[in-house]
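Notes for the one structure printed next.
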Amino acid sequence: MLITDARQTRITEIVCDRLELEPEELAETDRFVEEHGADSLALIGVLAALEKEFKVTIDQSEMPRMAHLAGVREVLAESKGW
């Protein structure tokens with residue numbers, strides 16, 4: 001199963017909401033910390049919101065892989081079995 005367009009859109013919305021960005025400001029490989037000034041609290045908020053929305057548990061050891069939108073989608077897809 002793949003990540004559907006609807007899921008991709010929702011993931012982007014969650015990330016942008018937590019990082020206080022507009023979707024057009026965030027490219028797939030923009031690094032949250034380096035390019036958008038996200039702090040660790042914001043990143044934990046992204047993780048928590050994704051877990052709640054998609055009813056999944058993501059180990060915090062995956063955080064380094066979730067440094068950009070593409071990584072978030074990859075980790076979430078693996079966790080959900082998409």
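A note on labels: chains of the structure tokens are A, B, ... as shown, every chain counts residues from 1, and ligands are counted from 1 in their shown order.
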TODO: Considering only C-alpha atoms, return as a PyMOL selection string whatever protein or nucleic-acid residues lie within 12 Å of Glu62 (chain A), sequence-local ones (same chain, fewer than 5 positions apart) excluded.
DONE: chain A and resi 43-44+47+57+67+71-76+78-79
- [ ] Per DSSP on the backbone, filter region 23-81 of chain A down to the residues in helix (DSSP H, G or I) and report them as number ranges by chain.
- [x] A: 23-25, 32-36, 40-54, 60-66, 69-80
Open item on the list: Give me, as a list in words, all polymer residues having an atom no more than 9 Å from Arg18 (chain A), counting only C-alpha atoms and skipping those fewer than 6 positions away in the same chain.
Closed with: Ala42, Leu43, Gly45, Val46 and Ala49 of chain A
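Proximity to Glu28 (chain A) was assessed for A:Ile11, A:Met63, A:Val56, A:Ala6 counting only C-alpha atoms; the smallest distance is recorded for A:Ile11.
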Open item on the list: List as a list in words the protein and nucleic acid residues near Asp30 (chain A), meaning an atom at most 8 Å away when only C-alpha atoms are counted, but skip any in the same chain fewer than 5 places from it.
Closed with: Glu35, His36, His68 and Leu69 of chain A
Selection to disk with N, CA, C and O atoms, as an mmCIF file, in the first residue's frame:
data_model
loop_
_atom_site.group_PDB
_atom_site.id
_atom_site.type_symbol
_atom_site.label_atom_id
_atom_site.label_comp_id
_atom_site.auth_asym_id
_atom_site.auth_seq_id
_atom_site.Cartn_x
_atom_site.Cartn_y
_atom_site.Cartn_z
ATOM 1 N N GLU A 35 16.938 24.634 8.028
ATOM 2 C CA GLU A 35 16.359 25.579 7.072
ATOM 3 C C GLU A 35 15.146 26.345 7.603
ATOM 4 O O GLU A 35 14.810 27.395 7.069
ATOM 5 N N HIS A 36 14.507 25.809 8.642
ATOM 6 C CA HIS A 36 13.298 26.464 9.145
ATOM 7 C C HIS A 36 13.352 26.791 10.629
ATOM 8 O O HIS A 36 12.373 27.254 11.206
ATOM 9 N N HIS A 68 13.185 15.905 7.590
ATOM 10 C CA HIS A 68 12.528 16.614 6.491
ATOM 11 C C HIS A 68 11.251 15.869 6.131
ATOM 12 O O HIS A 68 11.014 14.757 6.622
ATOM 13 N N LEU A 69 10.431 16.481 5.313
ATOM 14 C CA LEU A 69 9.117 15.931 4.979
ATOM 15 C C LEU A 69 9.221 14.546 4.350
ATOM 16 O O LEU A 69 8.449 13.645 4.689
#
